[in-house]
Structures are given as C-alpha cells and as structure tokens.
file target-v6.csv (CSV, C-alpha atoms)
chain,number,residue,atom,x,y,z
A,1,MET,CA,-59.0,-59.8,108.8
A,2,GLN,CA,-56.4,-57.9,110.7
A,3,LYS,CA,-57.6,-56.5,114.0
A,4,LEU,CA,-58.3,-52.8,113.6
A,5,SER,CA,-58.1,-50.0,116.1
A,6,GLY,CA,-61.5,-48.6,117.2
A,7,LYS,CA,-61.0,-45.5,115.1
A,8,ASP,CA,-60.0,-47.5,112.0
A,9,ARG,CA,-62.9,-49.9,112.6
A,10,ARG,CA,-65.4,-47.0,112.8
A,11,LEU,CA,-64.0,-45.5,109.5
A,12,LYS,CA,-64.5,-49.0,107.9
A,13,ILE,CA,-68.0,-49.2,109.3
A,14,LEU,CA,-68.8,-45.8,107.8
A,15,GLU,CA,-67.4,-46.8,104.5
A,16,LYS,CA,-69.4,-50.0,104.5
A,17,LEU,CA,-72.6,-48.1,105.4
A,18,SER,CA,-71.9,-45.4,102.8
A,19,SER,CA,-71.5,-47.9,100.0
A,20,SER,CA,-74.6,-50.0,100.9
A,21,GLU,CA,-78.1,-49.1,99.8
A,22,LYS,CA,-79.6,-51.5,102.4
A,23,ALA,CA,-79.4,-51.4,106.2
A,24,ILE,CA,-76.7,-53.6,107.7
A,25,THR,CA,-77.3,-55.5,111.0
A,26,GLY,CA,-75.1,-55.0,114.0
A,27,SER,CA,-74.5,-58.8,114.0
A,28,ALA,CA,-73.3,-58.7,110.4
A,29,LEU,CA,-70.9,-55.8,111.2
A,30,ALA,CA,-69.6,-57.7,114.3
A,31,LYS,CA,-68.9,-60.8,112.3
A,32,GLU,CA,-67.2,-58.9,109.5
A,33,PHE,CA,-64.9,-57.0,111.9
A,34,GLY,CA,-64.3,-59.8,114.4
A,35,VAL,CA,-65.8,-58.0,117.4
A,36,SER,CA,-68.9,-58.4,119.6
A,37,ARG,CA,-72.2,-56.9,118.7
A,38,GLN,CA,-71.9,-54.7,121.8
A,39,VAL,CA,-68.6,-53.2,120.4
A,40,ILE,CA,-70.5,-52.4,117.2
A,41,VAL,CA,-73.3,-50.7,119.2
A,42,THR,CA,-70.7,-48.6,121.0
A,43,ASP,CA,-69.0,-47.8,117.6
A,44,ILE,CA,-72.4,-46.8,116.1
A,45,ALA,CA,-73.1,-44.5,119.1
A,46,LEU,CA,-69.7,-42.8,118.6
A,47,ILE,CA,-70.3,-42.4,114.9
A,48,LYS,CA,-73.8,-40.9,115.4
A,49,ALA,CA,-72.2,-38.1,117.4
A,50,THR,CA,-70.7,-36.8,114.2
A,51,LYS,CA,-73.0,-38.4,111.6
A,52,PRO,CA,-76.6,-37.7,112.7
A,53,GLU,CA,-77.7,-39.1,109.3
A,54,LEU,CA,-76.8,-42.6,110.6
A,55,ILE,CA,-80.0,-44.2,111.8
A,56,SER,CA,-81.0,-47.5,113.4
A,57,THR,CA,-83.9,-49.4,111.8
A,58,SER,CA,-85.5,-52.7,112.5
A,59,SER,CA,-83.4,-54.2,109.8
A,60,GLY,CA,-80.1,-52.7,110.9
A,61,TYR,CA,-78.0,-49.5,110.5
A,62,LYS,CA,-78.3,-47.2,107.5
A,63,LEU,CA,-76.9,-43.8,106.4
A,64,MET,CA,-79.7,-41.6,105.3
A,65,GLU,CA,-79.1,-39.2,102.5
A,66,SER,CA,-77.8,-35.9,103.9
A,67,GLN,CA,-79.8,-32.8,103.3
A,68,ARG,CA,-76.5,-31.2,102.3
A,69,ASN,CA,-74.8,-31.7,99.0
A,70,VAL,CA,-71.2,-33.0,99.1
A,71,ARG,CA,-68.5,-33.3,96.5
A,72,ILE,CA,-64.8,-34.3,96.6
A,73,PHE,CA,-62.4,-32.1,94.8
A,74,LYS,CA,-58.9,-33.2,93.9
A,75,VAL,CA,-56.7,-30.1,93.7
A,76,LYS,CA,-53.1,-29.1,93.4
A,77,HIS,CA,-51.5,-25.7,94.3
A,78,SER,CA,-48.6,-24.2,96.2
A,79,ASN,CA,-48.5,-23.5,99.9
A,80,GLU,CA,-48.8,-19.8,99.1
A,81,GLU,CA,-52.1,-20.4,97.2
A,82,THR,CA,-53.8,-22.3,100.1
A,83,ALA,CA,-55.6,-19.3,101.5
A,84,ASP,CA,-56.9,-18.4,98.0
A,85,GLU,CA,-58.2,-21.9,97.4
A,86,LEU,CA,-60.0,-22.0,100.7
A,87,GLN,CA,-61.4,-18.4,100.3
A,88,THR,CA,-62.7,-19.3,96.9
A,89,ILE,CA,-64.7,-22.2,98.3
A,90,ILE,CA,-66.0,-20.2,101.3
A,91,ASP,CA,-66.9,-17.1,99.2
A,92,LEU,CA,-69.1,-19.3,97.0
A,93,GLY,CA,-71.0,-20.9,99.9
A,94,GLY,CA,-69.0,-24.1,100.5
A,95,ASN,CA,-67.8,-25.6,103.7
A,96,VAL,CA,-64.4,-27.4,103.7
A,97,ILE,CA,-65.1,-30.5,105.7
A,98,ASP,CA,-61.7,-32.1,105.5
A,99,VAL,CA,-58.4,-32.6,103.6
A,100,PHE,CA,-56.9,-35.9,102.6
A,101,VAL,CA,-54.2,-37.4,100.5
A,102,GLU,CA,-53.9,-40.7,98.8
A,103,HIS,CA,-50.4,-41.9,99.7
A,104,LYS,CA,-49.1,-44.9,97.7
A,105,ILE,CA,-47.7,-46.6,100.8
A,106,TYR,CA,-49.6,-45.3,103.8
A,107,GLY,CA,-53.1,-45.2,102.1
A,108,THR,CA,-55.6,-42.5,102.8
A,109,ILE,CA,-54.5,-39.9,105.3
A,110,ARG,CA,-57.3,-37.6,106.4
A,111,ALA,CA,-57.7,-34.6,108.7
A,112,PRO,CA,-60.9,-32.7,109.6
A,113,LEU,CA,-60.9,-29.0,108.8
A,114,ASN,CA,-64.4,-27.7,109.2
A,115,ILE,CA,-63.6,-24.4,107.6
A,116,GLN,CA,-66.7,-22.3,107.2
A,117,CYS,CA,-65.7,-18.7,107.3
A,118,LYS,CA,-62.8,-16.2,106.8
A,119,ARG,CA,-61.8,-16.4,110.5
A,120,ASP,CA,-61.4,-20.2,110.2
A,121,ILE,CA,-59.1,-19.7,107.2
A,122,GLU,CA,-57.1,-17.1,109.1
A,123,ASN,CA,-56.7,-19.5,112.1
A,124,PHE,CA,-55.8,-22.4,109.8
A,125,MET,CA,-53.2,-20.3,107.9
A,126,ALA,CA,-51.7,-19.0,111.2
A,127,ASP,CA,-51.2,-22.6,112.3
A,128,LEU,CA,-49.6,-23.6,109.0
A,129,GLN,CA,-47.3,-20.5,109.0
A,130,SER,CA,-46.2,-21.1,112.6
A,131,GLY,CA,-43.9,-23.7,111.3
A,132,VAL,CA,-45.0,-26.4,113.7
A,133,SER,CA,-46.0,-28.7,110.8
A,134,THR,CA,-46.5,-28.7,107.1
A,135,PRO,CA,-49.7,-29.3,105.1
A,136,LEU,CA,-50.7,-32.9,104.1
A,137,MET,CA,-50.2,-31.9,100.4
A,138,SER,CA,-46.5,-31.6,101.0
A,139,ILE,CA,-46.1,-35.4,101.1
A,140,THR,CA,-47.9,-35.8,97.7
A,141,GLN,CA,-46.2,-33.0,95.6
A,142,GLY,CA,-49.1,-30.7,96.3
A,143,TYR,CA,-51.9,-33.1,95.3
A,144,HIS,CA,-54.7,-33.4,97.8
A,145,PHE,CA,-58.5,-33.7,98.2
A,146,HIS,CA,-61.1,-31.7,100.0
A,147,THR,CA,-64.6,-32.8,100.9
A,148,ILE,CA,-66.8,-29.8,100.3
A,149,GLU,CA,-70.4,-29.4,101.5
A,150,ALA,CA,-72.9,-26.8,100.2
A,151,ARG,CA,-76.6,-26.1,100.2
A,152,SER,CA,-77.1,-27.0,96.6
A,153,GLU,CA,-75.5,-28.7,93.6
A,154,ALA,CA,-75.4,-25.4,91.9
A,155,ILE,CA,-73.1,-24.0,94.5
A,156,LEU,CA,-70.8,-27.0,94.2
A,157,ASP,CA,-70.8,-26.4,90.4
A,158,ASP,CA,-69.8,-22.8,90.9
A,159,ILE,CA,-67.0,-23.9,93.3
A,160,GLU,CA,-65.8,-26.4,90.7
A,161,ASP,CA,-65.8,-23.9,87.9
A,162,SER,CA,-63.9,-21.3,90.0
A,163,LEU,CA,-61.3,-23.8,91.2
A,164,LYS,CA,-60.9,-24.9,87.5
A,165,LYS,CA,-60.4,-21.3,86.3
A,166,LYS,CA,-57.8,-20.7,89.0
A,167,GLY,CA,-55.9,-23.9,87.8
A,168,PHE,CA,-56.3,-25.7,91.2
A,169,LEU,CA,-58.8,-28.4,90.2
A,170,ILE,CA,-57.6,-31.7,88.9
A,171,GLN,CA,-61.0,-33.6,89.2
A,172,SER,CA,-64.2,-33.8,91.1
A,173,GLN,CA,-66.2,-36.8,92.3
A,174,LYS,CA,-69.3,-37.6,94.3
A,175,LYS,CA,-67.7,-40.2,96.6
A,176,SER,CA,-64.4,-40.6,98.3
A,177,VAL,CA,-62.3,-43.6,97.5
A,178,VAL,CA,-60.2,-44.9,100.4
A,179,TRP,CA,-56.8,-46.3,99.6
A,180,GLU,CA,-55.5,-49.1,101.8
A,181,ALA,CA,-52.1,-48.9,103.3
A,182,LYS,CA,-49.6,-51.5,102.1
A,183,SER,CA,-48.8,-54.3,104.5
A,184,TYR,CA,-45.2,-55.3,105.0
A,185,GLY,CA,-45.3,-58.6,106.8
A,186,ILE,CA,-47.4,-60.2,109.5
A,187,ALA,CA,-49.2,-57.9,111.9
A,188,LEU,CA,-48.1,-58.4,115.5
A,189,PRO,CA,-50.8,-58.5,118.2
A,190,LYS,CA,-51.1,-55.4,120.3

call {"tool": "encode", "arguments": {"input": "target-v6.csv", "output": "structure tokens"}}
result
Amino acid sequence: MQKLSGKDRRLKILEKLSSSEKAITGSALAKEFGVSRQVIVTDIALIKATKPELISTSSGYKLMESQRNVRIFKVKHSNEETADELQTIIDLGGNVIDVFVEHKIYGTIRAPLNIQCKRDIENFMADLQSGVSTPLMSITQGYHFHTIEARSEAILDDIEDSLKKKGFLIQSQKKSVVWEAKSYGIALPK
C-alpha cells in the first residue's frame, strides 16, 4: 500500500471503522496501514477529538451509532441558489456538516462546513462572494454532496422532500462513498 499522509490515513481509518460492525484492533490497523501501533494510537486520539462516538473496547476500536441521524444528499444548483439550498436545510432543523464532490480524477474532495444557523450561511456566502475562491461544485458542473445531520429521520425526510420540490436533489443515501484518486505512475517517497 502507498504510504499515506497522517490526514489521509485517519480518513481511511474512519472509513474502515465506519464500514465494520466489529471492533478493529490497533495492531490490525497498524499492519494494514504500514505504521506502528503507537502511530495508530495517536491517530485514534486525533480522530476522537472530532468523533466522540469512536470508542476503545477490549477487542479494539469501534464507532458507536451516533445519537444523531445523518443522510448524504447529492444536489445540483447554481451559485445563486446556494443560500436558498442551505437555508432550506437549516429552516427544517438540519445541520450542514460538510460539502464534497466526487471528481473522476482526484477522487473525493471534502470540506467541513458546520453550518447550523442563518449567521453561518451569511458568513459562508460572504466568503464565496468575496471572490477569493469558488465553490467545490464549480469543478463538477454544479453537482455536489452534503452530509446533513438532524435530530430525527422525519426531519431528514422533510429536508429531502423540500430539496426535491426545489429541484436541487439528485439522490439521497445513508452512507458516503469515497472515490479514490487515480494514480499516474509510481509514487515517489517523501
């Protein structure tokens, strides 16, 4: 396996734990990622800072079911409709955890948003309108995904219905699928 950066390795560890129903030992993770068990212990500590549902058990590490309900929405809209999309989600009781795109060459490109209220939307839109950068969706013809968290499945259903009525929703799913970037040759050591 190609040596990963710490950040990439932690993302892969999270993916592995998310897709496993059983606990996974630190030794098994160390072997899989080609690092020491101590590196995995450090990675787990860093992950726990943002994922308190990650627990250590006598049989390894496990992600517990979150008390929150999460759904992934694939959407498409114009730059001008971004605030409307976000406000629709917030008004119905959702939190916009992140945005990501599935690029055919670069793989999954993800950015945290943590938008929970109107002020967050205003700040986000001001940053976009400053011209410093463009939204991720601009590299995938407007298609992008949001991870949305809410107190109940009913709230997520309402958000899904509203996004569908506005013509933004392409599909919804329970779990995120991560696309791997294409590799163009032999990786050089860092």

call {"tool": "residues_around", "arguments": {"input": "target-v6.csv", "residues": "Ile90 in chain A", "least_positions_apart": "3", "cutoff": "9 Å", "atoms": "all atoms listed in the file", "output": "PDB file with C-alpha atoms, in the frame of the given file"}}
result
ATOM      1  CA  GLU A  85     -58.200 -21.900  97.400  1.00  0.00           C
ATOM      2  CA  LEU A  86     -60.000 -22.000 100.700  1.00  0.00           C
ATOM      3  CA  GLN A  87     -61.400 -18.400 100.300  1.00  0.00           C
ATOM      4  CA  GLY A  93     -71.000 -20.900  99.900  1.00  0.00           C
ATOM      5  CA  GLY A  94     -69.000 -24.100 100.500  1.00  0.00           C
ATOM      6  CA  ASN A  95     -67.800 -25.600 103.700  1.00  0.00           C
ATOM      7  CA  VAL A  96     -64.400 -27.400 103.700  1.00  0.00           C
ATOM      8  CA  ILE A 115     -63.600 -24.400 107.600  1.00  0.00           C
ATOM      9  CA  GLN A 116     -66.700 -22.300 107.200  1.00  0.00           C
ATOM     10  CA  CYS A 117     -65.700 -18.700 107.300  1.00  0.00           C
ATOM     11  CA  LYS A 118     -62.800 -16.200 106.800  1.00  0.00           C
ATOM     12  CA  ILE A 159     -67.000 -23.900  93.300  1.00  0.00           C
TER      13      ILE A 159
END

call {"tool": "residues_around", "arguments": {"input": "target-v6.csv", "residues": "Ala30 in chain A", "least_positions_apart": "6", "cutoff": "8 Å", "atoms": "all atoms listed in the file", "output": "PyMOL selection string"}}
result
chain A and resi 36-37+39-40

call {"tool": "atom_distance", "arguments": {"input": "target-v6.csv", "atom1": "CA of Met137 in chain A", "atom2": "CA of Val101 in chain A"}}
result
6.8 Å

call {"tool": "residues_around", "arguments": {"input": "target-v6.csv", "residues": "Glu81 in chain A", "least_positions_apart": "3", "cutoff": "12 Å", "atoms": "all atoms listed in the file", "output": "PyMOL selection string"}}
result
chain A and resi 75-78+84-88+125+142+163+166-168

call {"tool": "atom_distance", "arguments": {"input": "target-v6.csv", "atom1": "CA of Ser138 in chain A", "atom2": "CA of Ala111 in chain A"}}
result
13.9 Å

call {"tool": "atom_distance", "arguments": {"input": "target-v6.csv", "atom1": "CA of Pro112 in chain A", "atom2": "CA of Ile148 in chain A"}}
result
11.4 Å

call {"tool": "closest_residue", "arguments": {"input": "target-v6.csv", "among": "A:Ala83, A:Ala126, A:Ile89, A:Ile139", "to": "Ile105 in chain A", "atoms": "only C-alpha atoms"}}
result
A:Ile139

call {"tool": "residues_around", "arguments": {"input": "target-v6.csv", "residues": "Lys7 in chain A", "least_positions_apart": "2", "cutoff": "12 Å", "atoms": "only C-alpha atoms", "output": "list of chain:residue names"}}
result
A:Lys3, A:Leu4, A:Ser5, A:Arg9, A:Arg10, A:Leu11, A:Lys12, A:Ile13, A:Leu14, A:Ile40, A:Thr42, A:Asp43, A:Ile44, A:Leu46, A:Ile47

call {"tool": "closest_residue", "arguments": {"input": "target-v6.csv", "among": "A:Asn69, A:Leu63, A:Glu122, A:Asp98", "to": "Arg151 in chain A", "atoms": "only C-alpha atoms"}}
result
A:Asn69

call {"tool": "closest_residue", "arguments": {"input": "target-v6.csv", "among": "A:Glu80, A:Glu15, A:Glu102, A:Asp161", "to": "Leu54 in chain A", "atoms": "all atoms listed in the file"}}
result
A:Glu15

call {"tool": "closest_residue", "arguments": {"input": "target-v6.csv", "among": "A:Lys74, A:Ser59, A:Ala150, A:Pro52", "to": "Ala23 in chain A", "atoms": "only C-alpha atoms"}}
result
A:Ser59

call {"tool": "closest_residue", "arguments": {"input": "target-v6.csv", "among": "A:Glu160, A:Glu53, A:Asp8, A:Ser152", "to": "Ile109 in chain A", "atoms": "only C-alpha atoms"}}
result
A:Asp8

call {"tool": "closest_residue", "arguments": {"input": "target-v6.csv", "among": "A:Thr108, A:Ser18, A:Gln38, A:Ser56", "to": "Thr140 in chain A", "atoms": "only C-alpha atoms"}}
result
A:Thr108

call {"tool": "residues_around", "arguments": {"input": "target-v6.csv", "residues": "Phe100 in chain A", "least_positions_apart": "4", "cutoff": "6 Å", "atoms": "only C-alpha atoms", "output": "CSV table (one decimal) with C-alpha atoms, in the frame of the given file"}}
result
chain,number,residue,atom,x,y,z
A,109,ILE,CA,-54.5,-39.9,105.3
A,110,ARG,CA,-57.3,-37.6,106.4
A,144,HIS,CA,-54.7,-33.4,97.8
A,145,PHE,CA,-58.5,-33.7,98.2
